[in-house]
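As structure tokens, the structure follows; a few thoughts come after it.
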Amino acid sequence: MDKAPVAPPDPPPTLAGRTCSIPRSPLHLIPRRGIVGGLRGDRFRTLQAFEEDREAMGSMIEIRGLTKHFGPLRAVDGISLDVKQGEVLGFLGPNGAGKSTAMKMVTGFLAPTSGSVKVCGHDVGAEPVAVKECIGYLPEGAPAYPDMTTEGFLNFIAEIRGFARGEARQRVRTAVQKARLEGVLRQPIETLSKGYKRRVGLAQAILHDPPVLILDEPTDGLDPNQKHEVRSLIREMAPRKAIVLSTHILEEVEALCTRVVIIDRGRLVFDGTPDEFEAKAPAEITSRRMDWVFRSLTSGEHAVAGVGGAA
Amino acid sequence: MKHTMTLFKRELSGYFQTPVAYVFIVIFLLLSGFFTFQVGRLFEAGQASLDSFFTWHPWLYLFLIPAISMRLWAEERRSGTIELLMTLPITMSQAILGKFLAAWAFTGIALLGTFPIWITVYNLGSPDNGAILASYLGSFLMAGSFLAIGSAVSGITKNQVIAFVISVVLCLVFLLIGLPPVTGWMQGILPAFLVDTIASFSFFTHFDTIQRGLLQATDLVFFGSTIVFFLFLNGLILEARKAQ
């Protein structure tokens, strides 16, 4: 057993976050994916043990040749991806690149034109309900029923997710705490600010503690404090889940993600770690290097190698 | 079934969280009263029957039911909540049925609110209570059929006004094809069997029979299958249109 003998009652809560958000710490020498999380229950586990565990586990999301046509338009064009537990995958691309469409197909809202998606081993086409049970999804714009109160809405979600009354209450309470919604429980959702609405959507997505989280622009419209809170929440949940989030904020990728996927005009143009992503910028670019790589990959202004990236 | 009930409860309570429910019920009751007593001259007719009350139901429903059904799916699509709903672990049929049943139950509540008219007639004479009960049932079934049409139409568009107008027109067609002036006109250009077939799809034809106190299986099956057919169509429409 390579479990470390130390079992501190209160493990440092920032472990996962620290290694992620400060890329220039000495820890950056260790491959990033290996140090995400590392906490299971209240025990410390060595990185190696964790890595072995992760290798043993299958992919939570398996996407094969995913394609969606809208008439003549190829919104998503042959994307293949695997997302494992512990990964926080930043899904990037210009507006209209097909990010939301791809996410809608993974969550079973849209049927793909061709290709397949498996979530937690269930095929989306064959077992849509089983897939929906193991996904927490924040759709673009965080839609919610405007006439309902925050509490009423979350109770409805808990009930339709099949929790009995006592457990439903507990689940709603936990989700409310995590999304910091205590102050607006009795307010109709239509009266909430954009930031609160987004957090109601987030609470709805994490309510059943799903193994897979799909978040379409989770921090869009939030102020810097709220962004920070949502990122901490995602980081805290990351080790136990496979998380896919789309964003336009490249700093967010650096702060949060263990993996970057860029799509442009429906095609996958980059798949690698944030470090590999940044390393694609030439040395003479000194600031906003990720922006430079993003622009070069998605507009074709500069000649940069496609899928893969330096290991 | 449990999922359908959860959705049913949410939808039904949703009606009462907004002024929609109260406005609808008040208008429905006022109009029912107005048509029955003023236009239908219930008292002057001197008959202990509710004919002058039920006669107006197809016309009341023609405008009021699409007002209920227009938002069923158009609103979900406009606000994007359809994406939330359809990524919850429920099936399309559960979602459609839950929302439809809630709207139907709501019209049922409005219909029950008309009981004072029955009490009036009951106190003044001895009406045929069986026929009245049958008429209520027929009216409720007809409301369900209008709602199913409206629900399907509501899935076509994000715009509630468009959903309303198309639903009214479609419901109007289902009423008119059984009216004597229209069937008379059709007889001039179509063979008789075709006219009969078309007329047999009219809500009037079937509601009339029930209203006369005749509860026939054919009429019940007609309304039942109309509801099932349009809800099925609703599913196809949503499947095809939800992405836009």
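Here, A, B, ... name the chains of the structure tokens in the order displayed, residue numbers run from 1 inside each chain, and ligands are numbered from 1 in the same displayed order.
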Given a cut-off of 9 Å, which residues of chain B touch chain A, counting only C-alpha atoms, written out as a PyMOL selection string?
chain B and resi 2-4+6-7+10+14+17-18+76+79-84+86-91+239+242-243
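For the pair atom CA of Gly108 of chain B and atom CA of Tyr61 of chain B, the interatomic distance is 12.1 Å.
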What does the structure give for the distance between atom CA of Ala168 of chain A and atom CA of Gln226 of chain A, in Å to one decimal?
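Distance between the two atoms: 26.0 Å.
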Would you mind writing down, as a ChimeraX atom specification, each residue of segment 68-234 of chain A that DSSP on the backbone assigns to helix (DSSP H, G or I)?
/A:99-106,128-133,150-160,165-179,182-184,189-191,194-206,224-234
Which residues come within 10 Å of Arg74 of chain A, counting only C-alpha atoms, excluding same-chain residues fewer than 2 positions away, as a ChimeraX atom specification?
/A:67-72,76-78,97-98,113,265-267
Residues from the last selection, C-alpha atoms, saved as a compact mmCIF listing (two decimals), in the first residue's frame:
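Saved the output as again.txt:
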```txt
# COMPACT_ATOMS: atom_id res chain seq x y z
CA THR A 67 -20.93 15.55 -35.83
CA LYS A 68 -23.93 17.86 -36.07
CA HIS A 69 -25.26 19.44 -39.22
CA PHE A 70 -27.78 22.25 -39.24
CA GLY A 71 -28.81 22.19 -42.89
CA PRO A 72 -25.66 22.91 -44.85
CA VAL A 76 -19.71 20.22 -34.99
CA ASP A 77 -17.45 18.26 -37.27
CA GLY A 78 -16.06 14.92 -36.15
CA ALA A 97 -17.46 27.46 -33.13
CA GLY A 98 -19.82 24.74 -31.93
CA THR A 113 -26.09 13.76 -36.95
CA ARG A 265 -15.60 25.93 -37.00
CA GLY A 266 -16.72 22.65 -35.46
CA ARG A 267 -13.29 21.02 -35.59
```
Nearest to Leu256 of chain A: which of A:Arg235, A:Lys99, A:Arg169, A:Arg180 is it, counting only C-alpha atoms?
A:Arg235
Nearest residue to His228 of chain A out of A:Thr247, A:Val172, A:Glu252, A:Phe277, using only C-alpha atoms?
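Closest to His228 of chain A of all the choices is A:Glu252.
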Given only C-alpha atoms as the basis, pick out the residue of A:Arg288, A:Arg259, A:Arg165, A:Arg64 nearest to Ala242 of chain A.
A:Arg259
Quick one: pull the distance between atom CA of Leu92 of chain A and atom CA of Arg289 of chain A, Å, one decimal.
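That distance, rounded to one decimal, is 15.3 Å.
Distances to Leu297 of chain A were evaluated for A:Val212, A:Gln85, A:Gly93, A:Glu190 using only C-alpha atoms, and the minimum falls at A:Gly93.
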Which residues are near Phe222 of chain B? Cut-off 9 Å, only C-alpha atoms, ignore same chain within fewer than 3 positions. Put them as a PDB file with N, CA, C and O atoms, in the first residue's frame.
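The result, stored in result_4.pdb:
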```pdb
ATOM      1  N   PHE B 201     -65.141  14.799 -37.932  1.00  0.00           N
ATOM      2  CA  PHE B 201     -63.988  15.244 -37.159  1.00  0.00           C
ATOM      3  C   PHE B 201     -64.279  16.528 -36.389  1.00  0.00           C
ATOM      4  O   PHE B 201     -63.434  17.047 -35.690  1.00  0.00           O
ATOM      5  N   PHE B 203     -65.623  18.996 -33.620  1.00  0.00           N
ATOM      6  CA  PHE B 203     -65.903  18.912 -32.193  1.00  0.00           C
ATOM      7  C   PHE B 203     -67.387  19.112 -31.924  1.00  0.00           C
ATOM      8  O   PHE B 203     -67.937  18.542 -30.995  1.00  0.00           O
ATOM      9  N   HIS B 206     -69.575  15.893 -32.016  1.00  0.00           N
ATOM     10  CA  HIS B 206     -69.436  14.989 -30.874  1.00  0.00           C
ATOM     11  C   HIS B 206     -69.908  15.629 -29.573  1.00  0.00           C
ATOM     12  O   HIS B 206     -70.516  14.977 -28.735  1.00  0.00           O
ATOM     13  N   ALA B 217     -69.626   5.658 -26.738  1.00  0.00           N
ATOM     14  CA  ALA B 217     -68.209   5.324 -26.784  1.00  0.00           C
ATOM     15  C   ALA B 217     -67.506   6.068 -27.925  1.00  0.00           C
ATOM     16  O   ALA B 217     -66.392   6.556 -27.771  1.00  0.00           O
ATOM     17  N   THR B 218     -68.195   6.192 -29.068  1.00  0.00           N
ATOM     18  CA  THR B 218     -67.552   6.822 -30.231  1.00  0.00           C
ATOM     19  C   THR B 218     -67.096   8.247 -29.917  1.00  0.00           C
ATOM     20  O   THR B 218     -66.006   8.660 -30.309  1.00  0.00           O
ATOM     21  N   ASP B 219     -67.945   8.998 -29.192  1.00  0.00           N
ATOM     22  CA  ASP B 219     -67.578  10.382 -28.890  1.00  0.00           C
ATOM     23  C   ASP B 219     -66.413  10.452 -27.901  1.00  0.00           C
ATOM     24  O   ASP B 219     -65.516  11.275 -28.049  1.00  0.00           O
ATOM     25  N   SER B 225     -58.847  10.116 -28.682  1.00  0.00           N
ATOM     26  CA  SER B 225     -57.829   9.889 -29.711  1.00  0.00           C
ATOM     27  C   SER B 225     -57.322  11.221 -30.287  1.00  0.00           C
ATOM     28  O   SER B 225     -56.174  11.314 -30.708  1.00  0.00           O
ATOM     29  N   THR B 226     -58.199  12.245 -30.294  1.00  0.00           N
ATOM     30  CA  THR B 226     -57.739  13.565 -30.728  1.00  0.00           C
ATOM     31  C   THR B 226     -56.616  14.047 -29.803  1.00  0.00           C
ATOM     32  O   THR B 226     -55.573  14.534 -30.254  1.00  0.00           O
ATOM     33  N   ILE B 227     -56.838  13.888 -28.507  1.00  0.00           N
ATOM     34  CA  ILE B 227     -55.829  14.315 -27.529  1.00  0.00           C
ATOM     35  C   ILE B 227     -54.532  13.542 -27.745  1.00  0.00           C
ATOM     36  O   ILE B 227     -53.449  14.130 -27.849  1.00  0.00           O
TER      37      ILE B 227
END
```
Near Leu133 of chain B, counting only C-alpha atoms, which residues have an atom at most 12 Å away, once you skip same-chain residues fewer than 2 positions from it, shown as a compact mmCIF listing (two decimals) with N, CA, C and O atoms, in the first residue's frame?
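Saved as part_35.txt:
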```txt
# COMPACT_ATOMS: atom_id res chain seq x y z
N SER B 49 -82.85 23.31 -17.99
CA SER B 49 -81.71 22.61 -18.60
C SER B 49 -80.56 23.60 -18.76
O SER B 49 -80.76 24.82 -18.68
N LEU B 50 -79.39 23.07 -18.93
CA LEU B 50 -78.23 23.94 -19.06
C LEU B 50 -77.78 24.05 -20.52
O LEU B 50 -76.63 24.40 -20.79
N PHE B 54 -74.06 25.29 -21.98
CA PHE B 54 -73.06 24.47 -22.68
C PHE B 54 -72.90 24.83 -24.15
O PHE B 54 -71.83 24.65 -24.73
N LEU B 111 -63.81 25.14 -14.98
CA LEU B 111 -65.12 24.58 -15.33
C LEU B 111 -65.93 24.29 -14.07
O LEU B 111 -67.13 24.55 -14.02
N LEU B 112 -65.25 23.76 -13.05
CA LEU B 112 -65.94 23.48 -11.79
C LEU B 112 -66.48 24.76 -11.17
O LEU B 112 -67.50 24.75 -10.47
N PHE B 115 -70.28 25.90 -11.18
CA PHE B 115 -71.36 25.14 -10.54
C PHE B 115 -72.56 25.98 -10.07
O PHE B 115 -73.68 25.48 -10.02
N TRP B 118 -75.47 25.60 -12.29
CA TRP B 118 -76.24 24.36 -12.09
C TRP B 118 -77.15 24.50 -10.87
O TRP B 118 -78.32 24.11 -10.91
N PRO B 127 -83.85 19.67 -13.31
CA PRO B 127 -83.11 19.38 -14.54
C PRO B 127 -82.68 17.92 -14.60
O PRO B 127 -82.69 17.23 -13.58
N ASP B 128 -82.33 17.49 -15.78
CA ASP B 128 -81.80 16.14 -15.98
C ASP B 128 -80.33 16.13 -15.55
O ASP B 128 -79.44 16.51 -16.32
N ASN B 129 -80.09 15.74 -14.30
CA ASN B 129 -78.72 15.82 -13.77
C ASN B 129 -77.75 14.93 -14.51
O ASN B 129 -76.57 15.24 -14.64
N GLY B 130 -78.25 13.82 -15.01
CA GLY B 130 -77.39 12.93 -15.79
C GLY B 130 -76.87 13.62 -17.04
O GLY B 130 -75.68 13.57 -17.34
N ALA B 131 -77.79 14.31 -17.71
CA ALA B 131 -77.39 15.01 -18.94
C ALA B 131 -76.39 16.13 -18.62
O ALA B 131 -75.44 16.37 -19.37
N SER B 135 -72.71 16.49 -19.96
CA SER B 135 -72.28 17.70 -20.66
C SER B 135 -70.99 18.26 -20.08
O SER B 135 -70.10 18.70 -20.81
N TYR B 136 -70.92 18.23 -18.75
CA TYR B 136 -69.68 18.68 -18.12
C TYR B 136 -68.50 17.83 -18.59
O TYR B 136 -67.43 18.34 -18.93
N LEU B 137 -68.73 16.51 -18.61
CA LEU B 137 -67.67 15.61 -19.05
C LEU B 137 -67.29 15.90 -20.50
O LEU B 137 -66.11 16.01 -20.85
N GLY B 138 -68.33 16.08 -21.35
CA GLY B 138 -68.08 16.37 -22.76
C GLY B 138 -67.32 17.68 -22.92
O GLY B 138 -66.37 17.77 -23.71
N SER B 139 -67.73 18.68 -22.15
CA SER B 139 -67.07 19.98 -22.21
C SER B 139 -65.60 19.85 -21.80
O SER B 139 -64.71 20.43 -22.42
N PHE B 140 -65.37 19.06 -20.76
CA PHE B 140 -64.01 18.87 -20.27
C PHE B 140 -63.16 18.15 -21.32
O PHE B 140 -62.00 18.54 -21.58
N ILE B 210 -73.07 14.38 -26.87
CA ILE B 210 -72.87 14.25 -25.43
C ILE B 210 -73.79 15.21 -24.67
O ILE B 210 -74.40 14.86 -23.67
N GLN B 211 -73.93 16.40 -25.22
CA GLN B 211 -74.72 17.43 -24.55
C GLN B 211 -76.18 17.02 -24.44
O GLN B 211 -76.89 17.43 -23.52
N ARG B 212 -76.63 16.21 -25.39
CA ARG B 212 -78.01 15.73 -25.32
C ARG B 212 -78.16 14.60 -24.32
O ARG B 212 -79.21 13.98 -24.23
N GLY B 213 -77.09 14.32 -23.59
CA GLY B 213 -77.15 13.30 -22.54
C GLY B 213 -76.78 11.92 -23.03
O GLY B 213 -76.95 10.94 -22.32
N LEU B 214 -76.27 11.86 -24.25
CA LEU B 214 -75.88 10.57 -24.81
C LEU B 214 -74.38 10.36 -24.66
O LEU B 214 -73.60 10.99 -25.37
N LEU B 215 -74.00 9.50 -23.73
CA LEU B 215 -72.57 9.22 -23.60
C LEU B 215 -72.23 8.00 -24.44
O LEU B 215 -72.38 6.86 -24.01
```
